[in-house]
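Undergrad: Pasting in a structure now, in structure tokens, and then I'll have a few things to ask.
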Amino acid sequence: MKKFMKKLITSAVVIGMVLPLAACGKSGASSSDASKSVIVGSKDFTENEIVAEIYALALEDAGFKVERKMNIAGSVVHTSITSAEIDIYPEYTGTGLISILGKEAMTDQQEVYETVKEAYNKEFNITWLDYAEANDGQGLFISRRASDKYGITNISQLQENADQLRFCSQGEFDEREDGIPGLEKLYGPFKWKSSKIYDNGLKWEVVDNDEADAAPAYTTEARLTETDKFVLLEDDKHMWPPYNLAPIVRNEVLDANPEIADVLNKVSAALDTETITQLNAKVDIEGKEYEDVAAEFYDSIK
């Protein structure tokens, strides 16, 4: 009986020693798993949601567990990453430069990128990975009719022929420093045949219906894919700062998972302005879900 009790006590001690070790092993695994977990966010518009979803798919393909927090208001998304509510999201170099850092506009895309990269790392502990050629900046478009008739493909030619053209304004564009006032400083006066104010959402129909010839637009808007109707004009004197897309990542997350850089840089390498515009059109014109558009595109590049 004594021998049995001694064996029982010895077994209990051994089990008691093994269980904490097993628990430690599980804890270590959880910590490792946590380092392979990331939160991907996006701003609250189509393009940013598509790109963020592509990031998420690429990271999942690389073995990461990804939580998605999409559709964050542009006014708070920077706070979301600096407060670690999200780890990664697609940002624009021009937005970082002007809206977040409050610096003067620059027109050289590499200079803008280097400026935001250095400042974000120093001030916010955030890394800008490689920027894409995709540029969602300010622009002007003209109807295909007027482009063909007057031979207009850039803003200098638009200015030279302004007296033949009807401008579709949104009002504030006539007053903003990066609107008509800034354009006239660089390109000369725009003496439009006429200039009328329309709601921004109507500009495509107004130009398509031959009620106006030219209007402001962002350079990746979906309807610019309708090249039989609309022509995006070259900013040949470099009026506007670049707004190149890039993934930005919290340093803490990137330090723990340096492979994230390679994964997301490959995505950026596949994104140019034409591609982003076409992806936007699949959602905004064709009515597809952004998740499906992102998945289809990711499958084509992986």
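Ligands are numbered from 1 in the order shown, residues from 1 within each chain, and chains are lettered A, B, ... in the order they appear in the structure tokens.
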Sorted by chain and rising residue number, which residues of region 84-154 of chain A lie within 6 Å of region 39-59 of chain A, and what are their closest atom pairs and distances in Å to one decimal, counting only C-alpha atoms, as JSON lines?
TA:
```
{"residue": "A:Ile86", "atom": "CA", "partner": "A:Ile39", "partner_atom": "CA", "distance": 5.0}
{"residue": "A:Asp87", "atom": "CA", "partner": "A:Ile39", "partner_atom": "CA", "distance": 5.1}
{"residue": "A:Ile88", "atom": "CA", "partner": "A:Val40", "partner_atom": "CA", "distance": 4.9}
{"residue": "A:Tyr89", "atom": "CA", "partner": "A:Gly41", "partner_atom": "CA", "distance": 4.9}
```
Undergrad: If you count only C-alpha atoms, which residues fall within 10 Å of region 217-220 of chain A, apart from same-chain ones fewer than 5 positions away, as a PyMOL selection string?
TA: chain A and resi 47+134-142+200+203-204+225+232-233+243+272-281
Undergrad: Using the chain letters and numbers from this document, which residues of region 115-270 of chain A does DSSP assign to strand (DSSP E), as a PyMOL selection string?
TA: chain A and resi 126-128+138-143+166-169+194-197+214-218+230-232+245-250
Undergrad: Work out how far CA of Asp262 (chain A) is from CA of Ala246 (chain A), in Å to one decimal.
TA: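 Rounded to one decimal, the two atoms are 12.9 Å apart.
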Undergrad: I need the residue nearest Ala132 (chain A) from this list: A:Lys185, A:Lys266, A:Arg145, A:Lys237. Use only C-alpha atoms for the distance.
TA: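 Nearest candidate to Ala132 (chain A) out of A:Lys185, A:Lys266, A:Arg145, A:Lys237: A:Lys266.
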Undergrad: Taking the DSSP assignment computed from this structure's backbone, write out as a ChimeraX atom specification all residues of region 64-177 of chain A that belong to alpha helix (DSSP H).
TA: /A:77-82,93-94,109-124,144-150,155-160
Undergrad: Report, in Å to a single decimal, how far apart CA of Glu133 (chain A) and CA of Glu175 (chain A) are.
TA: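 It comes out at 29.5 Å.
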Undergrad: Might you pull out every residue within 12 Å of Tyr113 (chain A), with only C-alpha atoms counted and same-chain residues fewer than 2 positions away left off, and present them as a count of residues only?
TA: 36
Undergrad: For Arg223 (chain A), which of A:Lys69, A:Lys282, A:Lys193, A:Arg250 is the closest residue, counting only C-alpha atoms?
TA: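 Of A:Lys69, A:Lys282, A:Lys193, A:Arg250, the one nearest Arg223 (chain A), counting only C-alpha atoms, is A:Lys282.
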Undergrad: Could you check how far CA of Ser99 (chain A) sits from CA of Arg176 (chain A), in Å to one decimal?
TA: 15.3 Å
Undergrad: Can you tell me which residues surround Val38 (chain A) at a distance of at most 7 Å, considering only C-alpha atoms, apart from same-chain residues fewer than 3 positions away, and format the answer as a PyMOL selection string?
TA: chain A and resi 65-67+87
Undergrad: Which is closer to Thr82 (chain A) than all the others in A:Ile100, A:Met70, A:Ile155, A:Ile180, using only C-alpha atoms?
TA: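 Checking each candidate against Thr82 (chain A), we get A:Ile100 as the closest.
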Undergrad: Might you pull out every residue within 12 Å of Ile152 (chain A), with only C-alpha atoms counted and same-chain residues fewer than 3 positions away left off, and present them as number ranges by chain?
TA: A: 140-149, 155-162, 164-165, 213-214, 230-236
